[in-house]
Amino acid sequence: MPDWNPAQYERFKAERALPFHDLLALVEPGQDMRAVDLGCGTGEPTAVLHKRLGCQETLGVDRSAAMLARSAAFAAPGLSFVQADMVDWHPPAPLDLVFSNAALHWLPEHPLLLAKLHGWLAREGQLAVQVPANHDHASHTVAWELAEQPPFAAALGGWRGGSPVLKPEAYSQLLFDLGFERQHLRLQVYSHVLPSSSDVVEWVKGSLLTDIEARLSPEMFAKYLARYRQVLLERLGERRPYQFAFKRILMWGRLPT
């Protein structure tokens with residue numbers, strides 16, 4: 001994956017913040033909590049988490065140097081940030097909260113992933129995760145369809161897109177099997193009213209399409225983007241305004257004492 005473009009990602013900052021606040025509302029505050037925010041981005045939401053929960057220590061983890069370049073403005077006593085790949089990073093000591101908003105859908109094998117995160121938690125530890133579940137929307141299906149068509153398939157070297165996100169009930173079962181005594185899990189549809197259907201292209205340029213951009217030359221990606229825009233608008237139609245109905249899974253669990 002390439003480094004992220006914070007300016008492009010934050011074109012829809014208010015809309016992307018909604019599930020963060022809904023997920024944070026599920027977390028139960030505690031005394032002297034030690035927390036990690038996986039995929040912390042610019043660090044601004046992590047600072048909100050740190051302050052609202054009154055954490056003793058919060059660490060934001062992200063692989064993007066461009067995103068983390070903005071995190072220095074939010075560093076504070078007990079709040080710090082580190083550049084690391086979520087696949088390789090692990091905490092030096094047990095945590096009271098593992099939090100991740102819109103990041104784990106980039107990683108495969110979610111049963112193994114949740115088991116790994118569970119292993120990071122102390123007694124009565126909490127897991128709070130939000131993952132997009134909009135992979136059946138044209139914004140995603142068109143992107144992956146084009147990746148399998150010429151000339152892009154050859155340029156992508158056989159890469160195929162897809163989502164590792166499971167059904168909500170599967171996550172509920174995983175939390176139960178891992179020993180979370182209490183859980184809250186829901187599929188939520190966020191209604192984002194965009195100026196037009198073409199703004200969906202700008203939305204995914206800041207997220208989904210970064211994965212494809214990393215695998216193509218600038219010239220080939222420009223061709224891909226033009227074709228993506230054409231096909232997507234054929235599917236969605238030219239609408240002003242356009243309601244971008246975006247499904248997300250929010251899950252929270254707490255371990256017993």
# chains A, B, ... in the order shown; residues from 1 in each chain; ligands from 1

$ residues_around --residues "Glu202 in chain A" --least-positions-apart "2" --cutoff "12 Å" --atoms "only C-alpha atoms" --output "CSV table (one decimal) with C-alpha atoms, in the first residue's frame"
chain,number,residue,atom,x,y,z
A,5,ASN,CA,-3.1,11.2,1.5
A,7,ALA,CA,-6.0,15.8,2.7
A,8,GLN,CA,-7.9,13.4,0.5
A,9,TYR,CA,-9.0,11.2,3.4
A,10,GLU,CA,-10.2,14.2,5.4
A,11,ARG,CA,-12.3,15.6,2.6
A,12,PHE,CA,-15.1,13.7,4.4
A,139,SER,CA,-18.1,1.8,-5.0
A,194,LEU,CA,-23.0,13.9,-0.8
A,195,PRO,CA,-23.3,16.8,-3.2
A,196,SER,CA,-23.5,14.4,-6.1
A,197,SER,CA,-22.9,10.7,-7.0
A,198,SER,CA,-19.5,11.7,-8.5
A,199,ASP,CA,-18.4,12.5,-5.0
A,200,VAL,CA,-18.3,8.8,-4.2
A,204,VAL,CA,-12.9,6.1,-2.3
A,205,LYS,CA,-9.8,7.9,-3.6
A,206,GLY,CA,-9.0,8.6,0.0
A,207,SER,CA,-9.4,4.9,1.1
A,208,LEU,CA,-10.2,1.9,-1.1
A,209,LEU,CA,-8.4,3.1,-4.2
A,210,THR,CA,-5.1,3.7,-2.4
A,225,LEU,CA,-9.4,6.1,-12.4
A,228,TYR,CA,-13.7,3.6,-12.7
A,229,ARG,CA,-15.4,7.0,-12.7
A,232,LEU,CA,-19.4,3.8,-11.4

$ residues_around --residues "Asp96 in chain A" --least-positions-apart "4" --cutoff "9 Å" --atoms "only C-alpha atoms" --output "MDAnalysis selection string"
chainID A and resid 30 32:36 120:127

$ closest_residue --among "A:Pro151, A:Pro45, A:Pro168, A:Gly237" --to "Trp252 in chain A" --atoms "only C-alpha atoms"
A:Pro168

$ select_by_dssp --residues "range 117-218 of chain A" --states "strand (DSSP E)" --output "list in words"
Leu121, Ala122, Arg123, Glu124, Gly125, Gln126, Leu127, Ala128, Val129, Gln130, Val131, Pro132, Arg182, Gln183, His184, Leu185, Arg186, Leu187, Gln188, Val189, Tyr190, Ser191, His192, Val193 and Leu194 of chain A

$ write_last_selection --atoms "N, CA and C atoms" --output "mmCIF file, in the first residue's frame"
data_model
loop_
_atom_site.group_PDB
_atom_site.id
_atom_site.type_symbol
_atom_site.label_atom_id
_atom_site.label_comp_id
_atom_site.auth_asym_id
_atom_site.auth_seq_id
_atom_site.Cartn_x
_atom_site.Cartn_y
_atom_site.Cartn_z
ATOM 1 N N LEU A 121 -5.069 -8.325 25.955
ATOM 2 C CA LEU A 121 -5.888 -7.688 26.985
ATOM 3 C C LEU A 121 -5.619 -8.246 28.377
ATOM 4 N N ALA A 122 -5.707 -7.331 29.346
ATOM 5 C CA ALA A 122 -5.655 -7.708 30.744
ATOM 6 C C ALA A 122 -7.042 -8.180 31.193
ATOM 7 N N ARG A 123 -7.146 -8.626 32.445
ATOM 8 C CA ARG A 123 -8.457 -8.991 32.981
ATOM 9 C C ARG A 123 -9.412 -7.797 32.903
ATOM 10 N N GLU A 124 -10.639 -8.065 32.561
ATOM 11 C CA GLU A 124 -11.673 -7.047 32.357
ATOM 12 C C GLU A 124 -11.333 -6.106 31.200
ATOM 13 N N GLY A 125 -10.405 -6.530 30.343
ATOM 14 C CA GLY A 125 -10.036 -5.724 29.192
ATOM 15 C C GLY A 125 -11.167 -5.622 28.185
ATOM 16 N N GLN A 126 -11.127 -4.539 27.406
ATOM 17 C CA GLN A 126 -12.181 -4.282 26.425
ATOM 18 C C GLN A 126 -11.604 -4.248 25.006
ATOM 19 N N LEU A 127 -12.384 -4.761 24.086
ATOM 20 C CA LEU A 127 -12.064 -4.707 22.658
ATOM 21 C C LEU A 127 -13.163 -3.914 21.974
ATOM 22 N N ALA A 128 -12.789 -2.881 21.229
ATOM 23 C CA ALA A 128 -13.767 -2.053 20.511
ATOM 24 C C ALA A 128 -13.273 -1.870 19.082
ATOM 25 N N VAL A 129 -14.031 -2.378 18.123
ATOM 26 C CA VAL A 129 -13.592 -2.396 16.719
ATOM 27 C C VAL A 129 -14.747 -1.983 15.820
ATOM 28 N N GLN A 130 -14.422 -1.155 14.850
ATOM 29 C CA GLN A 130 -15.375 -0.819 13.786
ATOM 30 C C GLN A 130 -14.733 -1.151 12.450
ATOM 31 N N VAL A 131 -15.452 -1.895 11.613
ATOM 32 C CA VAL A 131 -14.958 -2.214 10.270
ATOM 33 C C VAL A 131 -16.023 -1.871 9.234
ATOM 34 N N PRO A 132 -15.642 -1.231 8.136
ATOM 35 C CA PRO A 132 -16.605 -1.009 7.049
ATOM 36 C C PRO A 132 -17.109 -2.340 6.504
ATOM 37 N N ARG A 182 -19.273 -10.048 28.117
ATOM 38 C CA ARG A 182 -20.316 -9.156 27.622
ATOM 39 C C ARG A 182 -19.918 -8.671 26.241
ATOM 40 N N GLN A 183 -20.919 -8.411 25.425
ATOM 41 C CA GLN A 183 -20.635 -7.913 24.085
ATOM 42 C C GLN A 183 -21.785 -7.067 23.576
ATOM 43 N N HIS A 184 -21.438 -6.177 22.671
ATOM 44 C CA HIS A 184 -22.417 -5.390 21.917
ATOM 45 C C HIS A 184 -21.937 -5.420 20.475
ATOM 46 N N LEU A 185 -22.820 -5.815 19.579
ATOM 47 C CA LEU A 185 -22.425 -5.912 18.179
ATOM 48 C C LEU A 185 -23.606 -5.502 17.307
ATOM 49 N N ARG A 186 -23.326 -4.615 16.343
ATOM 50 C CA ARG A 186 -24.422 -4.194 15.469
ATOM 51 C C ARG A 186 -23.910 -3.822 14.084
ATOM 52 N N LEU A 187 -24.796 -3.980 13.118
ATOM 53 C CA LEU A 187 -24.568 -3.485 11.763
ATOM 54 C C LEU A 187 -25.317 -2.169 11.657
ATOM 55 N N GLN A 188 -24.615 -1.109 11.323
ATOM 56 C CA GLN A 188 -25.234 0.216 11.265
ATOM 57 C C GLN A 188 -25.041 0.809 9.873
ATOM 58 N N VAL A 189 -26.099 1.402 9.360
ATOM 59 C CA VAL A 189 -26.051 2.084 8.065
ATOM 60 C C VAL A 189 -25.966 3.586 8.315
ATOM 61 N N TYR A 190 -24.890 4.191 7.812
ATOM 62 C CA TYR A 190 -24.710 5.637 7.927
ATOM 63 C C TYR A 190 -25.163 6.293 6.628
ATOM 64 N N SER A 191 -26.016 7.272 6.752
ATOM 65 C CA SER A 191 -26.531 7.991 5.586
ATOM 66 C C SER A 191 -25.680 9.243 5.364
ATOM 67 N N HIS A 192 -24.814 9.177 4.369
ATOM 68 C CA HIS A 192 -23.966 10.317 4.032
ATOM 69 C C HIS A 192 -24.543 10.995 2.788
ATOM 70 N N VAL A 193 -25.020 12.201 2.943
ATOM 71 C CA VAL A 193 -25.593 12.928 1.814
ATOM 72 C C VAL A 193 -24.477 13.735 1.166
ATOM 73 N N LEU A 194 -24.047 13.286 -0.017
ATOM 74 C CA LEU A 194 -22.970 13.934 -0.754
ATOM 75 C C LEU A 194 -23.564 14.872 -1.809
#

$ closest_atom_pairs --of "range 85-150 of chain A" --to "range 158-161 of chain A" --cutoff "9 Å" --atoms "only C-alpha atoms" --output "JSON lines"
{"residue": "A:His140", "atom": "CA", "partner": "A:Gly161", "partner_atom": "CA", "distance": 8.9}
{"residue": "A:Thr141", "atom": "CA", "partner": "A:Gly161", "partner_atom": "CA", "distance": 8.9}
{"residue": "A:Ala143", "atom": "CA", "partner": "A:Gly161", "partner_atom": "CA", "distance": 8.1}
{"residue": "A:Trp144", "atom": "CA", "partner": "A:Gly161", "partner_atom": "CA", "distance": 5.2}
{"residue": "A:Glu145", "atom": "CA", "partner": "A:Gly161", "partner_atom": "CA", "distance": 8.4}
{"residue": "A:Ala147", "atom": "CA", "partner": "A:Arg160", "partner_atom": "CA", "distance": 6.7}
{"residue": "A:Glu148", "atom": "CA", "partner": "A:Arg160", "partner_atom": "CA", "distance": 6.9}

$ write_last_selection --atoms "C-alpha atoms" --output "PDB file, in the first residue's frame"
ATOM      1  CA  HIS A 140     -16.209  -1.423  -4.196  1.00  0.00           C
ATOM      2  CA  THR A 141     -17.508  -3.965  -6.698  1.00  0.00           C
ATOM      3  CA  ALA A 143     -13.147  -1.218  -8.390  1.00  0.00           C
ATOM      4  CA  TRP A 144     -12.518  -4.937  -8.137  1.00  0.00           C
ATOM      5  CA  GLU A 145     -14.238  -5.788 -11.423  1.00  0.00           C
ATOM      6  CA  ALA A 147      -8.929  -4.779 -11.678  1.00  0.00           C
ATOM      7  CA  GLU A 148      -9.626  -8.065 -13.473  1.00  0.00           C
TER       8      GLU A 148
END

$ closest_residue --among "A:Asp211, A:Glu219, A:Glu44, A:Glu169" --to "Leu250 in chain A" --atoms "only C-alpha atoms"
A:Glu169

$ atom_distance --atom1 "CA of Gly162 in chain A" --atom2 "CA of Gly43 in chain A"
27.6 Å

$ select_by_dssp --residues "range 17-243 of chain A" --states "alpha helix (DSSP H)" --output "number ranges by chain"
A: 17-24, 44-53, 65-68, 110-118, 138-147, 152-155, 168-177, 199-205, 208-213, 218-236

$ write_last_selection --atoms "C-alpha atoms" --output "PDB file, in the first residue's frame"
ATOM      1  CA  ALA A  17     -15.883  10.685  12.383  1.00  0.00           C
ATOM      2  CA  LEU A  18     -19.434   9.480  13.037  1.00  0.00           C
ATOM      3  CA  PRO A  19     -18.640   5.782  13.543  1.00  0.00           C
ATOM      4  CA  PHE A  20     -15.616   6.682  15.672  1.00  0.00           C
ATOM      5  CA  HIS A  21     -17.819   8.505  18.166  1.00  0.00           C
ATOM      6  CA  ASP A  22     -20.423   5.712  18.109  1.00  0.00           C
ATOM      7  CA  LEU A  23     -17.714   3.134  18.802  1.00  0.00           C
ATOM      8  CA  LEU A  24     -16.138   5.203  21.554  1.00  0.00           C
ATOM      9  CA  GLU A  44      -6.865  13.591  16.334  1.00  0.00           C
ATOM     10  CA  PRO A  45      -9.478  10.922  17.173  1.00  0.00           C
ATOM     11  CA  THR A  46      -6.959   9.205  19.474  1.00  0.00           C
ATOM     12  CA  ALA A  47      -6.628  12.426  21.443  1.00  0.00           C
ATOM     13  CA  VAL A  48     -10.405  12.510  21.867  1.00  0.00           C
ATOM     14  CA  LEU A  49     -10.356   8.900  23.097  1.00  0.00           C
ATOM     15  CA  HIS A  50      -7.512   9.598  25.526  1.00  0.00           C
ATOM     16  CA  LYS A  51      -9.226  12.628  27.055  1.00  0.00           C
ATOM     17  CA  ARG A  52     -12.763  11.285  27.179  1.00  0.00           C
ATOM     18  CA  LEU A  53     -11.789   8.007  28.841  1.00  0.00           C
ATOM     19  CA  ALA A  65       4.148   8.403   7.876  1.00  0.00           C
ATOM     20  CA  ALA A  66       1.997  11.046   6.173  1.00  0.00           C
ATOM     21  CA  MET A  67      -0.870  10.532   8.596  1.00  0.00           C
ATOM     22  CA  LEU A  68       1.388  10.401  11.646  1.00  0.00           C
ATOM     23  CA  HIS A 110     -10.172 -11.998  11.146  1.00  0.00           C
ATOM     24  CA  PRO A 111     -10.698 -15.031  13.419  1.00  0.00           C
ATOM     25  CA  LEU A 112      -6.948 -15.207  13.971  1.00  0.00           C
ATOM     26  CA  LEU A 113      -6.700 -11.429  14.194  1.00  0.00           C
ATOM     27  CA  LEU A 114      -9.313 -11.122  16.928  1.00  0.00           C
ATOM     28  CA  ALA A 115      -7.675 -13.953  18.839  1.00  0.00           C
ATOM     29  CA  LYS A 116      -4.400 -12.028  18.663  1.00  0.00           C
ATOM     30  CA  LEU A 117      -6.000  -8.822  19.962  1.00  0.00           C
ATOM     31  CA  HIS A 118      -7.727 -10.779  22.719  1.00  0.00           C
ATOM     32  CA  ALA A 138     -20.845  -0.395  -6.427  1.00  0.00           C
ATOM     33  CA  SER A 139     -18.060   1.808  -5.035  1.00  0.00           C
ATOM     34  CA  HIS A 140     -16.209  -1.423  -4.196  1.00  0.00           C
ATOM     35  CA  THR A 141     -17.508  -3.965  -6.698  1.00  0.00           C
ATOM     36  CA  VAL A 142     -16.686  -1.750  -9.691  1.00  0.00           C
ATOM     37  CA  ALA A 143     -13.147  -1.218  -8.390  1.00  0.00           C
ATOM     38  CA  TRP A 144     -12.518  -4.937  -8.137  1.00  0.00           C
ATOM     39  CA  GLU A 145     -14.238  -5.788 -11.423  1.00  0.00           C
ATOM     40  CA  LEU A 146     -12.024  -3.359 -13.356  1.00  0.00           C
ATOM     41  CA  ALA A 147      -8.929  -4.779 -11.678  1.00  0.00           C
ATOM     42  CA  PHE A 152      -5.369  -3.270 -15.648  1.00  0.00           C
ATOM     43  CA  ALA A 153      -5.281  -6.998 -14.861  1.00  0.00           C
ATOM     44  CA  ALA A 154      -1.856  -7.417 -16.457  1.00  0.00           C
ATOM     45  CA  ALA A 155      -0.527  -4.269 -14.815  1.00  0.00           C
ATOM     46  CA  PRO A 168     -22.001  -9.554  12.099  1.00  0.00           C
ATOM     47  CA  GLU A 169     -23.179 -12.831  13.617  1.00  0.00           C
ATOM     48  CA  ALA A 170     -19.781 -14.390  12.889  1.00  0.00           C
ATOM     49  CA  TYR A 171     -18.046 -11.679  14.912  1.00  0.00           C
ATOM     50  CA  SER A 172     -20.544 -12.205  17.728  1.00  0.00           C
ATOM     51  CA  GLN A 173     -19.669 -15.893  17.826  1.00  0.00           C
ATOM     52  CA  LEU A 174     -15.954 -15.110  17.765  1.00  0.00           C
ATOM     53  CA  LEU A 175     -16.275 -12.762  20.736  1.00  0.00           C
ATOM     54  CA  PHE A 176     -18.209 -15.415  22.634  1.00  0.00           C
ATOM     55  CA  ASP A 177     -15.705 -18.154  21.817  1.00  0.00           C
ATOM     56  CA  ASP A 199     -18.354  12.539  -5.009  1.00  0.00           C
ATOM     57  CA  VAL A 200     -18.266   8.814  -4.245  1.00  0.00           C
ATOM     58  CA  VAL A 201     -15.137   8.723  -6.428  1.00  0.00           C
ATOM     59  CA  GLU A 202     -13.512  11.332  -4.199  1.00  0.00           C
ATOM     60  CA  TRP A 203     -14.492   9.305  -1.142  1.00  0.00           C
ATOM     61  CA  VAL A 204     -12.853   6.091  -2.303  1.00  0.00           C
ATOM     62  CA  LYS A 205      -9.778   7.914  -3.636  1.00  0.00           C
ATOM     63  CA  LEU A 208     -10.198   1.911  -1.095  1.00  0.00           C
ATOM     64  CA  LEU A 209      -8.405   3.060  -4.239  1.00  0.00           C
ATOM     65  CA  THR A 210      -5.129   3.706  -2.406  1.00  0.00           C
ATOM     66  CA  ASP A 211      -4.548  -0.052  -2.521  1.00  0.00           C
ATOM     67  CA  ILE A 212      -4.871  -0.105  -6.306  1.00  0.00           C
ATOM     68  CA  GLU A 213      -2.936   3.113  -6.799  1.00  0.00           C
ATOM     69  CA  PRO A 218       0.865   6.956 -12.252  1.00  0.00           C
ATOM     70  CA  GLU A 219      -0.092   6.816 -15.931  1.00  0.00           C
ATOM     71  CA  MET A 220      -1.919   3.511 -15.604  1.00  0.00           C
ATOM     72  CA  PHE A 221      -3.694   4.607 -12.442  1.00  0.00           C
ATOM     73  CA  ALA A 222      -4.923   7.740 -14.216  1.00  0.00           C
ATOM     74  CA  LYS A 223      -6.462   5.487 -16.902  1.00  0.00           C
ATOM     75  CA  TYR A 224      -7.900   3.211 -14.253  1.00  0.00           C
ATOM     76  CA  LEU A 225      -9.442   6.132 -12.361  1.00  0.00           C
ATOM     77  CA  ALA A 226     -11.042   7.551 -15.499  1.00  0.00           C
ATOM     78  CA  ARG A 227     -12.551   4.166 -16.335  1.00  0.00           C
ATOM     79  CA  TYR A 228     -13.673   3.646 -12.729  1.00  0.00           C
ATOM     80  CA  ARG A 229     -15.438   7.006 -12.702  1.00  0.00           C
ATOM     81  CA  GLN A 230     -17.212   6.214 -15.979  1.00  0.00           C
ATOM     82  CA  VAL A 231     -18.436   2.760 -14.930  1.00  0.00           C
ATOM     83  CA  LEU A 232     -19.373   3.795 -11.407  1.00  0.00           C
ATOM     84  CA  LEU A 233     -21.512   6.709 -12.580  1.00  0.00           C
ATOM     85  CA  GLU A 234     -23.196   4.427 -15.092  1.00  0.00           C
ATOM     86  CA  ARG A 235     -24.172   2.191 -12.161  1.00  0.00           C
ATOM     87  CA  LEU A 236     -25.161   4.951  -9.737  1.00  0.00           C
TER      88      LEU A 236
END
